[in-house]
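Scroll down for the structure; my scribbles are underneath it.
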Amino acid sequence: MKMIKNVKEHHGLSSAQVEQSRTKYGSNQLTRTKKNSFFKQYLANFGDPIIKILLVALAVNLLFMFDHFDWFETAGVAVAIFLATFVSTLSEHGSESAFEKLQQEASSIQCRVKRANGVRKLPLGEVVVGDLVLLGAGERVPADGILVSGEVSVDQSSLNGESKEAHKAPSDNDHSAAKGHDFMQKNRLFRGSVVCSGEGMLLVQQVGVKTFYGSMAMEVQEDTRESPLKFKLRSLAKTISRFGYVAAAFVALAFLFNCIVLDNGFDPARISAYCQNFPVLISQIIQAVTLAITVVVVAVPEGLPMMITVVLSSNMKRMLKDHVLVRKLVGIETSGSLNILFTDKTGTLTKGKLQVKTFVSGQNQVYTSARNLRKQKELWELVEMSCFFNTSSTMGQEGRRRAAIGGNATDRALLEYVIPHLSTTRTVTREEFIPFNSRDKFSACRVSGKQNLWLVKGAFEKILPRCTSCYDAKGQRQPFRMSPDLQRTVREMSGSAVRILALAVSDTPIRAGQSFPNLTLLGLIGIRDELKSEAGASIRQITGAGIQVVMMTGDSRETATAIALEAGLLRPGQTDAVLDSHELNKMTDEQIRRLLPRLRVVARAVPADKSRLVRAAQELGLVAGMTGDGVNDAPALKKADVGFAMGSGTEVAKEASDIVILDDNLSSIAKAILYGRTIFKSIRKFIIFQLTVNLCAVCVSVIGPFIGIDTPVTVIQMLWINIIMDTLAGLAFAGEAPLPEYLHEPPKRRDEHIINRYMVSQILFTGLYTVLLCLAFLKAPFFRETFHYDSQPIFFLTAFFGLFIFAGIFNSFNARTPRLHLLSHITQNKAFLFIMAMAAGVQLLLIYYGGTLFRTVPLTLQGLKWVLLLAATVIPIDLIRKLILRLNHRKGNI
């Protein structure tokens, strides 16, 4: 746009000029990228690796269902596919609502626009480049541009995260559109910021997606990368499918070898004749293929997707009690995989609200609270009057308490300082008021009544040189000079990110734009956005979990460094761990990736910096988390592997996040990380349990026919086994307790396989022992004689059914902990004991009352004792495995 040389002579755009501008520069509406519908997203999720295997299993079941009438297995696989895919789609589809919130927020805004036909109130979407927008206190800036008249203080915290209001005034420089998004530029205003005080006129220079706000709207619509859990499940799917295919091929070949070679006594002539009998040969090949497909189906852990859904959902409810609201289920597990956490300062590490930290008298007496200062009655009365009357804020009601309303953050902080202790304000009235402006850097007011004087408040470097006297603790005036001790106190306050204001009084009138000598100093007020009391401990807890924490803030380098030192993020002298946005923008992506492991603080950060660092961390293979509460944080929250929004933050930030921290407490993020690690361990425990049972079921089903037992386990019995493996076990392991010790372990790598060496050793060792136990039971003469195989084969097979189920139930205790003490922390998961006891109880009912449906007959008490004793041997066997690992200094870790 061309420079406006005389704003007063500019009458606004005509209707024709509005249309021309809209055609050339576009609309102020936010553009929505094309997204998949819920149904399309649902279909796309069938590409999940585990779901693909389940689909193959379902297809095979459908092919053979009519032959064997195995509709229980078919229905179980179908339900597992539907639930897992539906919940995943529901979670992903909800993430698109961040953009909807931005649109909804924008559509409700109206603004005053000066057009050729007068000032009109228009919806934000109708503003065009070249429009003149009138701004006043409480109004939201509708587009990016420059202030061409008036002066305003604006709250830009939702855009740059800085809690202090920015003062904006016209500039004599060229009004042409500026490049970039410099929030510190004195005459630049940005869409989404709010006018706190003053009045002015905005010349619109960018609209829609070309605004800073609009660019964030585009970023929150970008797709996020695949979650670590889904990445690991893809690897698991490959492992399981390879195991299934190799086992199936081996079984098919073994079956054909048995039929063709073994049954023909290795006689070449008989083998040749057998192979020339094509009808019989083809029949055997079909049976071999059927057997191979059955092995693949049995090997598939169809309960895994359902278990993951169960464990995530159940922990979501538990986390809510700890003030952690999970919006996207996969975000829970991802929290446990974090390697690096980018955290906002304002509202996350700090309280997000300016507060008076200290008061220092002219004689260098330091008062750390209003309560202590009140003991000096005469001095307190003057300070109270200054904070109460020399302000643009007013006292109002906030809930049940009195609070400061309106004005800028500094004025509100001063008023909040004295509100709880008001005593003398009723005897004094304010007669005149000179508001603060950036040129004079002070505000003043005249009061009358019990006291008749002028109260002055302003930048300490402007006020102190004009003070010739100061008040002592008794309210008596004393000569004043800037002592070395007071100078040192000021330096210490400045180094602690404290903003310093001076309070003074004058017996002579004060006028704006004029000098005011011979002031009497009341003292110096230190104001700061205080660090939360729990922030330091929370950071130590998170870093102790092996997670790098990087603080990103819109504040200055000095303020950011002071806060980081106080929070324990930085050690003194760690200068290479602090960057500002300007330095960051000079660096290449490769330089950033090299620096990232040492980085701890980024000052003057803008949203582009946050997104860039998240991307750099992800390129290094790290799992990146991001915390935030403002609109400015939304793009990075969306891009991060897991985004944590603060409960008091903007709706846009919450919608872009995976998890909402309801109490705004960083320690709750540590809890989310703990829950995430617990959940991943629960998933691993379930996999150990299920794959051990699957291995046993596959081997017994395959080998059974070769040892004379065609159907060791019936279809109905297999249904009950699947219920134990899938639904009941999923519920049992879902309740595992989050143990604080998990936070002392290093985070899991993003590319780490779900099945680690420890799990393989347990699955193979215990699984193969259970297979040998089952085969020994089926074949050994001792067990056949003990359980009357020759006279009562159903009695024998009932005992085997019990052995198989009880071995799995006992093995669940092995799977839930790598400790030698199997009942460790068991009382924190009482549901596990209840579910396993219920499974054992139902199994006993099936043994004694299952009848022909479950192919069972009642066992004798002696027979049942034998079954339970044999099944329980899986516990000492696994304990031997654990002892061997410890003797070889390889303590297991799930």
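Residue numbers start at 1 in each chain; chains themselves are named A, B, ... in the order of the structure tokens; ligands are numbered from 1 in the order shown.
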
**Item:** Close residues, region 180-195 of chain A itself excluded, 9 Å, only C-alpha atoms, min 6 positions apart in chain, as a PyMOL selection string
**Value:** chain A and resi 106+135-148+152-160+166-171+202+207+211-214+606+631

**Asked** Leaving out Leu379 (chain A) and any residue of its chain fewer than 3 positions from it, which residues lie within 9 Å of it when counting only C-alpha atoms, given as a VMD selection string?
**Response** chain A and resid 373 to 376 382 to 384 471 to 476 522

**Request:** Fewer than 2 positions away in the same chain doesn't count, so skip those; otherwise give me all residues within 6 Å of Thr343 (chain A), counting only C-alpha atoms, as a PyMOL selection string.
**Result:** chain A and resi 551-552+626-627

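For the set A:Pro279, A:Pro597, A:Gly546, A:Pro268, the residue with the smallest atom-to-atom gap to Leu620 (chain A) is A:Pro597, counting only C-alpha atoms.
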
**Item:** In region 591-658 of chain A, DSSP strand (DSSP E or B) residues written as a PyMOL selection string
**Value:** chain A and resi 601-603+624-628+642-646

Suppose we keep N, CA and C atoms; can you now write the selection as a CSV table (one decimal), in the first residue's frame?
```
chain,number,residue,atom,x,y,z
A,601,VAL,N,17.5,-22.4,26.5
A,601,VAL,CA,16.7,-21.2,26.5
A,601,VAL,C,16.6,-20.5,25.1
A,602,VAL,N,15.4,-20.1,24.7
A,602,VAL,CA,15.3,-19.3,23.5
A,602,VAL,C,14.5,-18.1,23.9
A,603,ALA,N,15.1,-16.9,23.7
A,603,ALA,CA,14.4,-15.6,24.1
A,603,ALA,C,13.9,-15.0,22.8
A,624,ALA,N,9.5,-35.2,20.3
A,624,ALA,CA,9.4,-33.9,20.8
A,624,ALA,C,8.1,-33.5,21.4
A,625,GLY,N,8.1,-32.9,22.6
A,625,GLY,CA,6.9,-32.4,23.3
A,625,GLY,C,6.9,-30.9,23.3
A,626,MET,N,5.8,-30.3,23.4
A,626,MET,CA,5.7,-28.8,23.4
A,626,MET,C,4.6,-28.4,24.4
A,627,THR,N,4.8,-27.5,25.2
A,627,THR,CA,3.8,-26.9,26.1
A,627,THR,C,3.5,-25.5,25.7
A,628,GLY,N,2.3,-25.1,26.0
A,628,GLY,CA,1.9,-23.7,25.6
A,628,GLY,C,0.5,-23.4,26.0
A,642,VAL,N,3.8,-34.7,20.8
A,642,VAL,CA,2.7,-34.6,21.8
A,642,VAL,C,2.7,-33.1,22.3
A,643,GLY,N,1.5,-32.5,22.2
A,643,GLY,CA,1.4,-31.1,22.6
A,643,GLY,C,0.6,-31.0,23.9
A,644,PHE,N,1.2,-30.3,24.9
A,644,PHE,CA,0.5,-30.1,26.2
A,644,PHE,C,0.0,-28.6,26.3
A,645,ALA,N,-1.3,-28.4,26.4
A,645,ALA,CA,-1.8,-27.1,26.5
A,645,ALA,C,-2.2,-26.9,28.0
A,646,MET,N,-2.1,-25.6,28.4
A,646,MET,CA,-2.4,-25.3,29.8
A,646,MET,C,-3.9,-25.1,29.9
```

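For the pair CA of Glu151 (chain A) and CA of Lys121 (chain A), the separation is 21.2 Å.
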
Produce a table with one row for each residue of region 726-758 of chain A that has an atom at most 10 Å from any atom of region 303-323 of chain A, each row naming the nearest atom pair and its distance in Å at one decimal; use only C-alpha atoms; arrange rows by chain and rising residue number; format as CSV.
```
residue,atom,partner,partner_atom,distance
A:Asp726,CA,A:Gly303,CA,4.4
A:Thr727,CA,A:Met307,CA,7.0
A:Leu728,CA,A:Met307,CA,9.2
A:Ala729,CA,A:Met307,CA,8.1
A:Gly730,CA,A:Met307,CA,4.7
A:Leu731,CA,A:Val310,CA,6.7
A:Ala732,CA,A:Val311,CA,9.2
A:Phe733,CA,A:Val311,CA,7.5
A:Ala734,CA,A:Val311,CA,4.3
A:Gly735,CA,A:Val311,CA,7.5
A:Glu736,CA,A:Val311,CA,9.3
A:Ala737,CA,A:Asn315,CA,9.9
A:Pro738,CA,A:Asn315,CA,10.0
```

**Prompt:** If you run DSSP on this backbone, which residues of region 352-588 of chain A come out as helix (DSSP H, G or I), and could you give them as JSON, numbers by chain?
**Reply:** {"A": [370, 371, 372, 373, 377, 378, 379, 380, 381, 382, 383, 384, 385, 386, 387, 388, 389, 409, 410, 411, 412, 413, 414, 415, 416, 417, 418, 419, 420, 421, 425, 426, 427, 460, 461, 462, 463, 464, 465, 466, 484, 485, 486, 487, 488, 489, 490, 491, 492, 493, 494, 495, 535, 536, 537, 538, 539, 540, 541, 542, 543, 544, 557, 558, 559, 560, 561, 562, 563, 564, 565, 566, 567, 575, 576, 577, 581, 582, 583, 584, 585, 586]}

Produce a file of the selected residues containing C-alpha atoms, as a CSV table (one decimal), in the first residue's frame.
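To be explicit, this is the file written out as out08.csv:
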```
chain,number,residue,atom,x,y,z
A,370,ALA,CA,3.1,-5.8,51.9
A,371,ARG,CA,2.6,-7.3,55.4
A,372,ASN,CA,6.1,-6.3,56.4
A,373,LEU,CA,5.9,-2.9,54.8
A,377,LYS,CA,2.6,2.8,59.1
A,378,GLU,CA,3.5,6.3,57.8
A,379,LEU,CA,5.5,5.0,54.9
A,380,TRP,CA,2.8,2.4,54.1
A,381,GLU,CA,0.1,5.1,53.9
A,382,LEU,CA,2.0,7.0,51.2
A,383,VAL,CA,2.8,3.8,49.2
A,384,GLU,CA,-0.9,2.7,49.5
A,385,MET,CA,-2.1,6.0,48.2
A,386,SER,CA,0.3,5.9,45.3
A,387,CYS,CA,-0.6,2.4,44.2
A,388,PHE,CA,-4.3,3.0,44.6
A,389,PHE,CA,-4.8,6.4,43.1
A,409,ALA,CA,-0.6,-5.3,33.7
A,410,THR,CA,1.8,-3.0,35.8
A,411,ASP,CA,-1.0,-0.9,37.2
A,412,ARG,CA,-3.0,-4.0,38.0
A,413,ALA,CA,0.0,-5.5,39.8
A,414,LEU,CA,0.4,-2.3,41.9
A,415,LEU,CA,-3.3,-2.1,42.8
A,416,GLU,CA,-3.4,-5.8,43.7
A,417,TYR,CA,-0.4,-5.2,46.0
A,418,VAL,CA,-2.4,-2.9,48.3
A,419,ILE,CA,-6.0,-4.1,47.9
A,420,PRO,CA,-5.9,-6.7,50.7
A,421,HIS,CA,-4.6,-4.0,53.1
A,425,THR,CA,-7.9,5.6,50.8
A,426,ARG,CA,-11.4,6.6,52.2
A,427,THR,CA,-9.9,9.9,53.6
A,460,PHE,CA,13.4,4.5,38.0
A,461,GLU,CA,16.1,5.9,35.8
A,462,LYS,CA,13.8,8.9,35.1
A,463,ILE,CA,12.6,9.5,38.7
A,464,LEU,CA,15.6,8.9,40.9
A,465,PRO,CA,17.8,11.7,39.4
A,466,ARG,CA,15.0,14.1,40.3
A,484,PRO,CA,26.4,2.1,46.6
A,485,ASP,CA,24.2,-0.3,48.6
A,486,LEU,CA,21.1,0.9,46.8
A,487,GLN,CA,22.9,0.7,43.4
A,488,ARG,CA,23.8,-2.9,44.2
A,489,THR,CA,20.2,-3.7,45.1
A,490,VAL,CA,19.0,-2.2,41.8
A,491,ARG,CA,21.6,-4.3,39.9
A,492,GLU,CA,20.5,-7.5,41.7
A,493,MET,CA,16.8,-6.8,41.0
A,494,SER,CA,17.6,-6.1,37.3
A,495,GLY,CA,19.6,-9.3,37.1
A,535,ALA,CA,8.4,-25.2,38.8
A,536,GLY,CA,12.0,-26.0,39.9
A,537,ALA,CA,11.1,-29.4,41.4
A,538,SER,CA,9.0,-30.3,38.3
A,539,ILE,CA,12.0,-29.5,36.0
A,540,ARG,CA,14.3,-31.6,38.1
A,541,GLN,CA,11.8,-34.4,37.9
A,542,ILE,CA,11.5,-34.2,34.1
A,543,THR,CA,15.2,-33.8,33.5
A,544,GLY,CA,15.8,-36.6,35.9
A,557,ARG,CA,17.4,-12.5,26.9
A,558,GLU,CA,18.1,-11.1,30.3
A,559,THR,CA,14.7,-11.9,31.7
A,560,ALA,CA,14.7,-15.4,30.2
A,561,THR,CA,18.1,-16.2,31.5
A,562,ALA,CA,17.2,-15.0,35.0
A,563,ILE,CA,14.1,-17.2,35.1
A,564,ALA,CA,16.0,-20.2,33.7
A,565,LEU,CA,18.7,-19.9,36.3
A,566,GLU,CA,16.1,-19.7,39.1
A,567,ALA,CA,14.2,-22.6,37.7
A,575,THR,CA,26.1,-18.9,27.9
A,576,ASP,CA,26.1,-21.2,24.8
A,577,ALA,CA,22.8,-22.7,26.1
A,581,SER,CA,15.2,-15.4,17.9
A,582,HIS,CA,17.5,-13.2,15.9
A,583,GLU,CA,20.5,-15.5,16.5
A,584,LEU,CA,18.4,-18.5,15.7
A,585,ASN,CA,17.3,-17.1,12.4
A,586,LYS,CA,20.9,-16.7,11.3
```

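For the residues A:Ile809, A:Val867, A:Ala608, A:Val698, ranking by smallest atom-to-atom distance to Glu219 (chain A) using only C-alpha atoms places A:Ala608 first.
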
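The space separating CA of Ser14 (chain A) from CA of Leu122 (chain A) comes to 14.5 Å.
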
**Request:** Can you work out which one of A:Arg120, A:Arg819, A:Lys40, A:Arg477 has the shortest atom-to-atom distance to Ser361 (chain A), counting only C-alpha atoms?
**Result:** A:Arg477

**Message:** I'd like the interatomic distance between CA of Gly352 (chain A) and CA of Asp529 (chain A), to a tenth of an Å.
**Reply:** 6.0 Å

**Message:** When you look at Ser668 (chain A) with a cut-off of 7 Å (counting only C-alpha atoms), what residues show up, excluding the ones that are within fewer than 4 positions of it in the same chain? I need them as an NGL selection string.
**Reply:** :A and (323-324 or 661 or 672)

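Across A:Trp866, A:Phe436, A:Phe480, A:Tyr849, the tightest approach to Cys467 (chain A) is made by A:Phe480 when counting only C-alpha atoms.
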